[in-house]
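Chemist: What follows is a structure written as structure tokens; I'll ask about it next.
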Amino acid sequence: MRLYQLDSYATHFQARVERAWSDARGHYAVLSQTLFYPESGGQPADTGVLRGGFGEVRVLHAYEEEKAFGNVVHVLERPIPEGEAVEGEIDWPRRFRHMQRHTAQHLLSQALLRAGGYHTVAVSLDSAVCTVDLEEEAEEEKIRQAEALANFAVYADHPVEAFFVTEEELGHYPLRRPPKVQGQIRLVRIGDFDLAACGGTHLKTSAQAGPIKVLKWERYKGGSRVYFTAGWEALEDYHAKHALLSRLALGFSTNPLDLEKPVRRLQEELQALKGENLALKEALVEALLPRALEAGTLLVPGPVLGELAKRLLAWKERTFLLLSPEGRFALLGPGREAVLERLKALGAKGGGKEVVQGALPRERVAEALAGPLG
């Protein structure tokens with residue numbers, strides 16, 4: 001029996017170990033009844049502990065042997081004996097977050113359907129940032145309307161109830177989408193706002209799911225993927241972002257909501273500096289080119305080493321060695337292999353085809369400059 005379908009808020013239960021086994025991948029048990037939700041429908045599995053004469057064993061995961069109606073298999077940290085009476089306890093903080101995510105997803109899926117006619121085809125609730133995949137390409141205005149509508153449903157404090165119906169009775173219920181299972185079908189109703197077939201765990205009221213915040217959306221497989229967070233995790237997200245904005249605002253001596261102007265100004269200044277830097281590097285390469293052609297071996301600033309080497313490729317009959325004060329080097333020309341062997345004797349490492357690039361110890365740069373080009 002799946003006790004979580006009777007009471008999603010229960011945390012302890014009594015059961016008996018009906019089957020227990022181990023294989024190369026781990027240890028497993030099937031109980032006479034359980035509160036552990038098996039991973040299904042985009043909702044992660046519960047974790048927790050089992051206690052008995054064997055002591056305390058952690059439940060690491062749970063899954064279904066057969067979808068919706070099969071046994072729940074508990075994945076354990078170590079084996080337990082068959083026939084043993086056990087007391088189970090789920091990780092309640094984890095379960096409650098999953099309930100917030102799942103109830104919020106129902107609200108948001110219904111809101112997306114109402115606001116934009118968008119149909120949910122898949123969901124993922126396995127992290128604080130959840131996703132809803134839509135069949136259609138979404139528009140920003142409709143997404144924002146759906147977010148507001150979902151939060152209005154939160155504030156309405158709708159009761160959430162679950163009940164079972166037969167396939168024959170389904171026609172009497174205006175479901176948001178067709179069920180994926182047959183036989184006895186579990187429906188979850190959120191007041192007069194949403195009704196959907198679902199085997200997951202849910203809150204007692206819609207108010208406990210809020211706030212619901214859409215973080216972003218994107219095109220995905222011909223439709224859309226909407227990212228959202230809800231409940232405690234939405235508050236944690238807000239707290240982290242507020243703290244970050246406050247620290248940044250302090251650095252700019254402004255208010256968090258006024259950060260955009262100084263940040264944009266800083267970006268503009270950065271782009272201008274990048275342009276100036278590029279112009280200066282080009283000018284420096286032009287100034288160094290005649291000296292490199294005259295000397296063959298030259299000490300040059302690291303930032304222009306690669307660009308100067310590219311310019312020297314035009315003189316294919318000559319060998320050039322460019323070194324930076326930090327030990328970086330660029331080597332090109334017909335004699336580069338012989339020069340590279342000499343540099344390796346000084347501790348250099350590097351490679352390449354037309355231009356051999358690498359580095360040698362800073363303290364050996366003077367020796368490399370004084371050596372022959374071969």
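Ligands are numbered from 1 in the order shown, chains are lettered A, B, ... in the order of the structure tokens, and residues start at 1 in each chain.
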Find the residues near stretch 93-98 of chain A: any atom within 8 Å, counting only C-alpha atoms, skip ones fewer than 6 places away on the same chain, and give them as JSON, numbers by chain.
Modeler: {"A": [43, 44, 46, 47, 125, 201, 231, 232, 233]}
Chemist: Can those selected residues be exported to a file as an mmCIF file, in the first residue's frame so that it contains all heavy atoms?
Modeler:
data_model
loop_
_atom_site.group_PDB
_atom_site.id
_atom_site.type_symbol
_atom_site.label_atom_id
_atom_site.label_comp_id
_atom_site.auth_asym_id
_atom_site.auth_seq_id
_atom_site.Cartn_x
_atom_site.Cartn_y
_atom_site.Cartn_z
ATOM 1 N N GLN A 43 8.727 13.876 -10.353
ATOM 2 C CA GLN A 43 8.992 14.157 -8.938
ATOM 3 C C GLN A 43 10.049 13.197 -8.412
ATOM 4 O O GLN A 43 9.939 11.987 -8.601
ATOM 5 C CB GLN A 43 7.712 14.020 -8.113
ATOM 6 C CG GLN A 43 7.920 14.288 -6.622
ATOM 7 C CD GLN A 43 6.622 14.240 -5.815
ATOM 8 O OE1 GLN A 43 5.563 14.552 -6.315
ATOM 9 N NE2 GLN A 43 6.727 13.837 -4.559
ATOM 10 N N PRO A 44 11.073 13.702 -7.710
ATOM 11 C CA PRO A 44 12.115 12.831 -7.167
ATOM 12 C C PRO A 44 11.585 11.919 -6.066
ATOM 13 O O PRO A 44 10.538 12.180 -5.462
ATOM 14 C CB PRO A 44 13.148 13.817 -6.601
ATOM 15 C CG PRO A 44 12.821 15.131 -7.221
ATOM 16 C CD PRO A 44 11.349 15.122 -7.468
ATOM 17 N N ASP A 46 11.509 9.957 -2.374
ATOM 18 C CA ASP A 46 11.801 10.278 -0.979
ATOM 19 C C ASP A 46 13.050 9.533 -0.523
ATOM 20 O O ASP A 46 13.405 8.479 -1.054
ATOM 21 C CB ASP A 46 10.638 9.855 -0.074
ATOM 22 C CG ASP A 46 9.448 10.782 -0.177
ATOM 23 O OD1 ASP A 46 9.648 11.994 -0.349
ATOM 24 O OD2 ASP A 46 8.307 10.284 -0.087
ATOM 25 N N THR A 47 13.702 10.074 0.478
ATOM 26 C CA THR A 47 14.769 9.378 1.185
ATOM 27 C C THR A 47 14.416 9.372 2.665
ATOM 28 O O THR A 47 13.456 10.026 3.084
ATOM 29 C CB THR A 47 16.132 10.073 0.965
ATOM 30 O OG1 THR A 47 16.038 11.430 1.438
ATOM 31 C CG2 THR A 47 16.517 10.083 -0.502
ATOM 32 N N LEU A 125 11.004 18.017 -11.754
ATOM 33 C CA LEU A 125 10.937 18.627 -10.429
ATOM 34 C C LEU A 125 12.098 18.163 -9.551
ATOM 35 O O LEU A 125 11.984 18.140 -8.328
ATOM 36 C CB LEU A 125 9.602 18.253 -9.755
ATOM 37 C CG LEU A 125 8.336 18.507 -10.580
ATOM 38 C CD1 LEU A 125 7.120 17.913 -9.888
ATOM 39 C CD2 LEU A 125 8.135 19.996 -10.810
ATOM 40 N N THR A 201 2.763 13.579 -4.527
ATOM 41 C CA THR A 201 2.412 14.140 -3.214
ATOM 42 C C THR A 201 2.155 15.628 -3.364
ATOM 43 O O THR A 201 2.858 16.324 -4.107
ATOM 44 C CB THR A 201 3.550 13.897 -2.201
ATOM 45 O OG1 THR A 201 4.760 14.490 -2.699
ATOM 46 C CG2 THR A 201 3.782 12.414 -1.985
ATOM 47 N N GLY A 231 7.758 28.203 -3.498
ATOM 48 C CA GLY A 231 7.793 27.945 -2.057
ATOM 49 C C GLY A 231 9.053 28.456 -1.399
ATOM 50 O O GLY A 231 9.570 29.531 -1.722
ATOM 51 N N TRP A 232 9.566 27.659 -0.447
ATOM 52 C CA TRP A 232 10.785 28.045 0.271
ATOM 53 C C TRP A 232 11.928 28.303 -0.694
ATOM 54 O O TRP A 232 12.756 29.195 -0.488
ATOM 55 C CB TRP A 232 11.184 26.958 1.269
ATOM 56 C CG TRP A 232 10.358 26.937 2.510
ATOM 57 C CD1 TRP A 232 9.498 25.957 2.930
ATOM 58 C CD2 TRP A 232 10.307 27.959 3.524
ATOM 59 N NE1 TRP A 232 8.916 26.304 4.114
ATOM 60 C CE2 TRP A 232 9.389 27.528 4.516
ATOM 61 C CE3 TRP A 232 10.932 29.196 3.675
ATOM 62 C CZ2 TRP A 232 9.094 28.281 5.634
ATOM 63 C CZ3 TRP A 232 10.636 29.955 4.801
ATOM 64 C CH2 TRP A 232 9.729 29.496 5.766
ATOM 65 N N GLU A 233 11.997 27.492 -1.746
ATOM 66 C CA GLU A 233 13.108 27.632 -2.684
ATOM 67 C C GLU A 233 13.025 28.937 -3.465
ATOM 68 O O GLU A 233 14.061 29.516 -3.833
ATOM 69 C CB GLU A 233 13.144 26.416 -3.607
ATOM 70 C CG GLU A 233 13.570 25.170 -2.840
ATOM 71 C CD GLU A 233 13.303 23.870 -3.561
ATOM 72 O OE1 GLU A 233 12.440 23.843 -4.455
ATOM 73 O OE2 GLU A 233 13.942 22.860 -3.211
#
Chemist: Residues near A:Gly352, anyone? I mean within 10 Å using only C-alpha atoms, not counting same-chain ones fewer than 3 positions away, as a list in words.
Modeler: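 That gives Ala330, Leu331, Leu332, Val355, Val356, Gln357 and Gly358 of chain A.
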Chemist: Could you dump the residues just selected with C-alpha atoms as a CSV table (one decimal), in the first residue's frame?
Modeler:
chain,number,residue,atom,x,y,z
A,330,ALA,CA,56.8,31.8,-30.2
A,331,LEU,CA,59.1,30.1,-32.7
A,332,LEU,CA,58.7,30.0,-36.5
A,355,VAL,CA,54.2,28.6,-35.1
A,356,VAL,CA,55.7,26.6,-32.1
A,357,GLN,CA,54.4,28.1,-28.9
A,358,GLY,CA,55.2,27.3,-25.3
Chemist: Measure the distance from atom CA of A:Gly335 to atom CA of A:Gly371 in Å and round it to one decimal.
Modeler: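 So the two atoms, atom CA of A:Gly335 and atom CA of A:Gly371, lie 13.2 Å apart.
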Chemist: Pick out the closest residue to A:Leu112 from this set: A:Pro79, A:Pro303, A:Ser224, A:Glu276. Count only C-alpha atoms.
Modeler: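 Among A:Pro79, A:Pro303, A:Ser224, A:Glu276, it is A:Ser224 that comes nearest to A:Leu112.
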Chemist: So which residues touch A:Arg2 within 9 Å, counting only C-alpha atoms, skipping near sequence neighbours fewer than 3 positions away, as a list in words?
Modeler: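 Residues near the query, excluding close chain neighbours: Gln5, Leu6, Gln33, Thr34, Leu35, Phe36, Tyr37, Asn71 and Val72 of chain A.
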Chemist: With only C-alpha atoms as the counted atoms, please give the residues lying no more than 7 Å from stretch 114-118 of chain A, apart from itself and same-chain residues fewer than 2 positions off, as a compact mmCIF listing (two decimals) with all heavy atoms, in the first residue's frame.
Modeler:
# COMPACT_ATOMS: atom_id res chain seq x y z
N GLN A 110 -1.78 24.92 -15.22
CA GLN A 110 -3.14 25.38 -15.47
C GLN A 110 -3.14 26.85 -15.89
O GLN A 110 -3.86 27.26 -16.80
CB GLN A 110 -4.00 25.19 -14.23
CG GLN A 110 -5.42 25.70 -14.34
CD GLN A 110 -6.22 24.97 -15.41
OE1 GLN A 110 -6.59 25.55 -16.41
NE2 GLN A 110 -6.49 23.69 -15.18
N ALA A 111 -2.31 27.65 -15.24
CA ALA A 111 -2.23 29.07 -15.57
C ALA A 111 -1.71 29.27 -16.99
O ALA A 111 -2.19 30.15 -17.71
CB ALA A 111 -1.33 29.79 -14.56
N LEU A 112 -0.73 28.48 -17.41
CA LEU A 112 -0.21 28.56 -18.77
C LEU A 112 -1.27 28.17 -19.79
O LEU A 112 -1.35 28.75 -20.88
CB LEU A 112 1.02 27.67 -18.91
CG LEU A 112 2.29 28.17 -18.21
CD1 LEU A 112 3.30 27.05 -18.04
CD2 LEU A 112 2.91 29.33 -18.99
N THR A 120 0.98 21.47 -21.25
CA THR A 120 2.15 20.85 -20.62
C THR A 120 2.30 19.42 -21.14
O THR A 120 1.36 18.62 -21.09
CB THR A 120 1.99 20.83 -19.10
OG1 THR A 120 1.97 22.18 -18.61
CG2 THR A 120 3.14 20.09 -18.43
N LEU A 134 6.33 22.80 -22.74
CA LEU A 134 5.07 23.11 -23.40
C LEU A 134 5.10 22.66 -24.85
O LEU A 134 6.14 22.68 -25.51
CB LEU A 134 4.81 24.62 -23.34
CG LEU A 134 4.84 25.27 -21.96
CD1 LEU A 134 4.68 26.78 -22.08
CD2 LEU A 134 3.75 24.68 -21.07
N GLU A 135 3.94 22.30 -25.35
CA GLU A 135 3.82 21.87 -26.74
C GLU A 135 3.99 23.03 -27.69
O GLU A 135 4.49 22.86 -28.81
CB GLU A 135 2.44 21.22 -26.94
CG GLU A 135 2.23 20.56 -28.28
CD GLU A 135 0.90 19.84 -28.38
OE1 GLU A 135 0.15 19.84 -27.38
OE2 GLU A 135 0.62 19.29 -29.46
N GLU A 136 3.62 24.23 -27.27
CA GLU A 136 3.63 25.40 -28.14
C GLU A 136 4.80 26.33 -27.82
O GLU A 136 5.37 26.27 -26.74
CB GLU A 136 2.31 26.18 -27.98
CG GLU A 136 1.06 25.39 -28.28
CD GLU A 136 0.59 24.56 -27.08
OE1 GLU A 136 1.18 24.70 -25.98
OE2 GLU A 136 -0.36 23.77 -27.25
N LYS A 142 2.24 36.30 -22.45
CA LYS A 142 1.42 35.20 -21.94
C LYS A 142 2.08 34.50 -20.75
O LYS A 142 1.41 34.09 -19.81
CB LYS A 142 1.15 34.19 -23.05
CG LYS A 142 0.42 34.78 -24.26
CD LYS A 142 -0.94 35.35 -23.87
CE LYS A 142 -1.69 35.88 -25.09
NZ LYS A 142 -2.98 36.51 -24.70
N GLN A 145 1.52 36.71 -17.77
CA GLN A 145 0.14 36.58 -17.34
C GLN A 145 -0.06 35.28 -16.57
O GLN A 145 -0.76 35.25 -15.55
CB GLN A 145 -0.80 36.64 -18.54
CG GLN A 145 -0.90 38.00 -19.19
CD GLN A 145 -1.77 37.98 -20.44
OE1 GLN A 145 -2.37 36.96 -20.77
NE2 GLN A 145 -1.83 39.10 -21.14
N ALA A 146 0.55 34.20 -17.06
CA ALA A 146 0.42 32.91 -16.40
C ALA A 146 1.06 32.94 -15.01
O ALA A 146 0.51 32.37 -14.05
CB ALA A 146 1.06 31.82 -17.26
Chemist: Which is closest to A:Gln105 among A:Leu369, A:Val214, A:Leu289, A:Ala348, if we use only C-alpha atoms?
Modeler: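 That would be A:Val214, the residue with the smallest distance to A:Gln105.
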Chemist: If you count only C-alpha atoms, which residues fall within 10 Å of A:Leu312, apart from same-chain ones fewer than 6 positions away, as a PyMOL selection string?
Modeler: chain A and resi 289+292-293+296+318-320+332-333+355
Chemist: Would you export the selected residues with N, CA and C atoms as a PDB file, in the first residue's frame, please?
Modeler:
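Writing done, so here's again-v2.pdb:
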ATOM      1  N   LEU A 289      57.859  45.072 -35.490  1.00  0.00           N
ATOM      2  CA  LEU A 289      58.109  44.254 -36.681  1.00  0.00           C
ATOM      3  C   LEU A 289      59.474  44.518 -37.302  1.00  0.00           C
ATOM      4  N   ALA A 292      62.195  42.917 -35.171  1.00  0.00           N
ATOM      5  CA  ALA A 292      62.214  41.458 -35.258  1.00  0.00           C
ATOM      6  C   ALA A 292      62.860  41.007 -36.558  1.00  0.00           C
ATOM      7  N   LEU A 293      62.565  41.712 -37.660  1.00  0.00           N
ATOM      8  CA  LEU A 293      63.159  41.364 -38.943  1.00  0.00           C
ATOM      9  C   LEU A 293      64.663  41.570 -38.926  1.00  0.00           C
ATOM     10  N   GLY A 296      65.950  38.853 -35.537  1.00  0.00           N
ATOM     11  CA  GLY A 296      65.604  37.436 -35.569  1.00  0.00           C
ATOM     12  C   GLY A 296      65.133  36.925 -34.235  1.00  0.00           C
ATOM     13  N   ARG A 318      62.996  32.659 -43.259  1.00  0.00           N
ATOM     14  CA  ARG A 318      63.769  33.024 -42.067  1.00  0.00           C
ATOM     15  C   ARG A 318      63.182  32.387 -40.803  1.00  0.00           C
ATOM     16  N   THR A 319      64.050  32.208 -39.810  1.00  0.00           N
ATOM     17  CA  THR A 319      63.643  31.663 -38.516  1.00  0.00           C
ATOM     18  C   THR A 319      63.606  32.799 -37.496  1.00  0.00           C
ATOM     19  N   PHE A 320      62.529  32.827 -36.695  1.00  0.00           N
ATOM     20  CA  PHE A 320      62.371  33.879 -35.682  1.00  0.00           C
ATOM     21  C   PHE A 320      62.048  33.250 -34.329  1.00  0.00           C
ATOM     22  N   LEU A 332      59.158  30.259 -35.161  1.00  0.00           N
ATOM     23  CA  LEU A 332      58.688  29.952 -36.507  1.00  0.00           C
ATOM     24  C   LEU A 332      59.835  30.036 -37.497  1.00  0.00           C
ATOM     25  N   GLY A 333      59.627  29.401 -38.646  1.00  0.00           N
ATOM     26  CA  GLY A 333      60.643  29.415 -39.688  1.00  0.00           C
ATOM     27  C   GLY A 333      61.264  28.046 -39.885  1.00  0.00           C
ATOM     28  N   VAL A 355      53.679  27.769 -36.186  1.00  0.00           N
ATOM     29  CA  VAL A 355      54.231  28.551 -35.076  1.00  0.00           C
ATOM     30  C   VAL A 355      54.277  27.652 -33.844  1.00  0.00           C
TER      31      VAL A 355
END
Chemist: Tell me, as number ranges by chain, which residues lie within 12 Å of A:Asn151, counting only C-alpha atoms; anything in the same chain fewer than 6 positions away does not count.
Modeler: A: 103-108, 110-112, 144-145, 157-158, 193, 206-214, 230-231
Chemist: Restricted to C-alpha atoms, what would the selected residues look like written as a JSON list (two decimals), in the first residue's frame?
Modeler:
[["chain", "number", "residue", "atom", "x", "y", "z"],
["A", 103, "THR", "CA", 1.63, 21.64, -6.36],
["A", 104, "ALA", "CA", 3.16, 24.79, -7.84],
["A", 105, "GLN", "CA", 3.68, 22.95, -11.13],
["A", 106, "HIS", "CA", -0.02, 22.04, -11.26],
["A", 107, "LEU", "CA", -0.94, 25.67, -10.65],
["A", 108, "LEU", "CA", 1.51, 26.99, -13.24],
["A", 110, "GLN", "CA", -3.14, 25.38, -15.47],
["A", 111, "ALA", "CA", -2.23, 29.07, -15.57],
["A", 112, "LEU", "CA", -0.21, 28.56, -18.77],
["A", 144, "ARG", "CA", 3.92, 36.82, -17.41],
["A", 145, "GLN", "CA", 0.14, 36.58, -17.34],
["A", 157, "ASP", "CA", -5.85, 29.38, -0.70],
["A", 158, "HIS", "CA", -7.67, 26.67, -2.66],
["A", 193, "PHE", "CA", -8.72, 26.07, -10.45],
["A", 206, "SER", "CA", -2.53, 26.15, -2.75],
["A", 207, "ALA", "CA", -1.30, 28.89, -0.39],
["A", 208, "GLN", "CA", 1.53, 26.64, 0.82],
["A", 209, "ALA", "CA", 2.99, 26.49, -2.71],
["A", 210, "GLY", "CA", 3.79, 30.17, -3.01],
["A", 211, "PRO", "CA", 5.38, 32.23, -4.15],
["A", 212, "ILE", "CA", 5.76, 30.91, -7.71],
["A", 213, "LYS", "CA", 8.40, 32.65, -9.80],
["A", 214, "VAL", "CA", 9.11, 32.06, -13.49],
["A", 230, "ALA", "CA", 8.39, 27.92, -5.80],
["A", 231, "GLY", "CA", 7.79, 27.94, -2.06]]
Chemist: Select from stretch 35-205 of chain A everything DSSP, run on the backbone, classes as strand (DSSP E), then give the selection as a PyMOL selection string.
Modeler: chain A and resi 48-52+55-64+72-76+85-90+120-124+130-134+160-165+185-190+194-197
Chemist: Quick one: residues within 10 Å of A:Asp126, only C-alpha atoms counted, chain neighbours fewer than 3 positions away excluded, as JSON, numbers by chain?
Modeler: {"A": [39, 42, 43, 44, 45, 98, 101, 123, 129, 130, 131]}
Chemist: Deliver the residues from the most recent selection as a file, using all heavy atoms, as a PDB file, in the first residue's frame.
Modeler:
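Saved file out_15.pdb follows:
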ATOM      1  N   GLU A  39      10.394   7.592  -7.317  1.00  0.00           N
ATOM      2  CA  GLU A  39      10.598   8.576  -8.384  1.00  0.00           C
ATOM      3  C   GLU A  39       9.636   8.314  -9.537  1.00  0.00           C
ATOM      4  O   GLU A  39       9.589   7.211 -10.088  1.00  0.00           O
ATOM      5  CB  GLU A  39      12.040   8.524  -8.889  1.00  0.00           C
ATOM      6  CG  GLU A  39      12.347   9.542  -9.960  1.00  0.00           C
ATOM      7  CD  GLU A  39      13.806   9.532 -10.366  1.00  0.00           C
ATOM      8  OE1 GLU A  39      14.504   8.574 -10.032  1.00  0.00           O
ATOM      9  OE2 GLU A  39      14.239  10.498 -11.025  1.00  0.00           O
ATOM     10  N   GLY A  42       8.224  13.014 -12.924  1.00  0.00           N
ATOM     11  CA  GLY A  42       9.053  14.204 -12.773  1.00  0.00           C
ATOM     12  C   GLY A  42       9.383  14.548 -11.343  1.00  0.00           C
ATOM     13  O   GLY A  42      10.214  15.419 -11.086  1.00  0.00           O
ATOM     14  N   GLN A  43       8.727  13.876 -10.353  1.00  0.00           N
ATOM     15  CA  GLN A  43       8.992  14.157  -8.938  1.00  0.00           C
ATOM     16  C   GLN A  43      10.049  13.197  -8.412  1.00  0.00           C
ATOM     17  O   GLN A  43       9.939  11.987  -8.601  1.00  0.00           O
ATOM     18  CB  GLN A  43       7.712  14.020  -8.113  1.00  0.00           C
ATOM     19  CG  GLN A  43       7.920  14.288  -6.622  1.00  0.00           C
ATOM     20  CD  GLN A  43       6.622  14.240  -5.815  1.00  0.00           C
ATOM     21  OE1 GLN A  43       5.563  14.552  -6.315  1.00  0.00           O
ATOM     22  NE2 GLN A  43       6.727  13.837  -4.559  1.00  0.00           N
ATOM     23  N   PRO A  44      11.073  13.702  -7.710  1.00  0.00           N
ATOM     24  CA  PRO A  44      12.115  12.831  -7.167  1.00  0.00           C
ATOM     25  C   PRO A  44      11.585  11.919  -6.066  1.00  0.00           C
ATOM     26  O   PRO A  44      10.538  12.180  -5.462  1.00  0.00           O
ATOM     27  CB  PRO A  44      13.148  13.817  -6.601  1.00  0.00           C
ATOM     28  CG  PRO A  44      12.821  15.131  -7.221  1.00  0.00           C
ATOM     29  CD  PRO A  44      11.349  15.122  -7.468  1.00  0.00           C
ATOM     30  N   ALA A  45      12.325  10.867  -5.789  1.00  0.00           N
ATOM     31  CA  ALA A  45      11.957   9.922  -4.738  1.00  0.00           C
ATOM     32  C   ALA A  45      12.236  10.499  -3.351  1.00  0.00           C
ATOM     33  O   ALA A  45      13.081  11.375  -3.175  1.00  0.00           O
ATOM     34  CB  ALA A  45      12.730   8.619  -4.909  1.00  0.00           C
ATOM     35  N   HIS A  98       9.381  18.928  -2.195  1.00  0.00           N
ATOM     36  CA  HIS A  98       8.840  18.258  -3.378  1.00  0.00           C
ATOM     37  C   HIS A  98       7.345  18.538  -3.515  1.00  0.00           C
ATOM     38  O   HIS A  98       6.841  18.734  -4.636  1.00  0.00           O
ATOM     39  CB  HIS A  98       9.072  16.746  -3.283  1.00  0.00           C
ATOM     40  CG  HIS A  98      10.512  16.357  -3.379  1.00  0.00           C
ATOM     41  ND1 HIS A  98      10.959  15.083  -3.148  1.00  0.00           N
ATOM     42  CD2 HIS A  98      11.617  17.087  -3.694  1.00  0.00           C
ATOM     43  CE1 HIS A  98      12.274  15.035  -3.306  1.00  0.00           C
ATOM     44  NE2 HIS A  98      12.692  16.246  -3.630  1.00  0.00           N
ATOM     45  N   ARG A 101       6.997  22.041  -4.905  1.00  0.00           N
ATOM     46  CA  ARG A 101       7.312  22.074  -6.329  1.00  0.00           C
ATOM     47  C   ARG A 101       6.157  21.494  -7.158  1.00  0.00           C
ATOM     48  O   ARG A 101       5.766  22.071  -8.177  1.00  0.00           O
ATOM     49  CB  ARG A 101       8.577  21.253  -6.616  1.00  0.00           C
ATOM     50  CG  ARG A 101       9.849  21.778  -6.005  1.00  0.00           C
ATOM     51  CD  ARG A 101      10.987  20.791  -6.257  1.00  0.00           C
ATOM     52  NE  ARG A 101      12.167  21.084  -5.450  1.00  0.00           N
ATOM     53  CZ  ARG A 101      13.229  20.289  -5.389  1.00  0.00           C
ATOM     54  NH1 ARG A 101      13.236  19.150  -6.076  1.00  0.00           N
ATOM     55  NH2 ARG A 101      14.262  20.614  -4.635  1.00  0.00           N
ATOM     56  N   VAL A 123       7.346  17.474 -17.317  1.00  0.00           N
ATOM     57  CA  VAL A 123       7.830  18.312 -16.214  1.00  0.00           C
ATOM     58  C   VAL A 123       9.061  17.667 -15.603  1.00  0.00           C
ATOM     59  O   VAL A 123       9.267  16.455 -15.706  1.00  0.00           O
ATOM     60  CB  VAL A 123       6.750  18.516 -15.115  1.00  0.00           C
ATOM     61  CG1 VAL A 123       5.499  19.143 -15.705  1.00  0.00           C
ATOM     62  CG2 VAL A 123       6.415  17.201 -14.416  1.00  0.00           C
ATOM     63  N   VAL A 129      15.267  24.537  -9.207  1.00  0.00           N
ATOM     64  CA  VAL A 129      14.767  25.141 -10.446  1.00  0.00           C
ATOM     65  C   VAL A 129      14.075  24.048 -11.245  1.00  0.00           C
ATOM     66  O   VAL A 129      14.717  23.126 -11.744  1.00  0.00           O
ATOM     67  CB  VAL A 129      15.905  25.780 -11.266  1.00  0.00           C
ATOM     68  CG1 VAL A 129      15.364  26.331 -12.581  1.00  0.00           C
ATOM     69  CG2 VAL A 129      16.576  26.885 -10.468  1.00  0.00           C
ATOM     70  N   CYS A 130      12.759  24.118 -11.330  1.00  0.00           N
ATOM     71  CA  CYS A 130      11.949  23.110 -12.001  1.00  0.00           C
ATOM     72  C   CYS A 130      11.632  23.567 -13.418  1.00  0.00           C
ATOM     73  O   CYS A 130      11.770  24.749 -13.759  1.00  0.00           O
ATOM     74  CB  CYS A 130      10.651  22.878 -11.230  1.00  0.00           C
ATOM     75  SG  CYS A 130      10.886  22.458  -9.494  1.00  0.00           S
ATOM     76  N   THR A 131      11.187  22.621 -14.245  1.00  0.00           N
ATOM     77  CA  THR A 131      10.838  22.972 -15.614  1.00  0.00           C
ATOM     78  C   THR A 131       9.486  22.401 -16.000  1.00  0.00           C
ATOM     79  O   THR A 131       9.087  21.335 -15.529  1.00  0.00           O
ATOM     80  CB  THR A 131      11.890  22.476 -16.625  1.00  0.00           C
ATOM     81  OG1 THR A 131      11.965  21.043 -16.568  1.00  0.00           O
ATOM     82  CG2 THR A 131      13.241  23.072 -16.342  1.00  0.00           C
TER      83      THR A 131
END
Chemist: Separation of atom CA of A:Leu288 and atom CA of A:Pro372, in Å?
Modeler: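 Here the two named atoms are 20.2 Å from each other.
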Chemist: So, counting only C-alpha atoms, which residue among A:Ala138, A:Lys180, A:His172, A:Gln100 is closest to A:Ser40?
Modeler: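 For A:Ser40, the nearest of the candidates is A:Lys180.
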Chemist: Of the residues A:Leu284, A:Gly199, A:Leu76, A:Ala153, which is the one nearest to A:Glu56, using only C-alpha atoms?
Modeler: A:Leu76
Chemist: Just checking: using only C-alpha atoms, which residue out of A:Leu373, A:Ala10, A:Leu270, A:Leu149 ends up closest to A:Ala338?
Modeler: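 Using only C-alpha atoms, A:Ala338 sits closest to A:Leu373.
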Chemist: Atom CA of A:Gln267 and atom CA of A:Arg219 are how many Å apart?
Modeler: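 Here the two named atoms are 28.4 Å from each other.
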Chemist: Measuring atom to atom with only C-alpha atoms, identify which of A:Gly55, A:Gly347, A:Gly41, A:Gly48 is nearest to A:His74.
Modeler: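 The shortest atom-to-atom distance to A:His74 comes from A:Gly48.
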Chemist: Enumerate the residues of stretch 91-301 of chain A with a DSSP assignment of alpha helix (DSSP H), computed from the backbone, and present them as a ChimeraX atom specification.
Modeler: /A:92-116,140-155,231-251,260-295
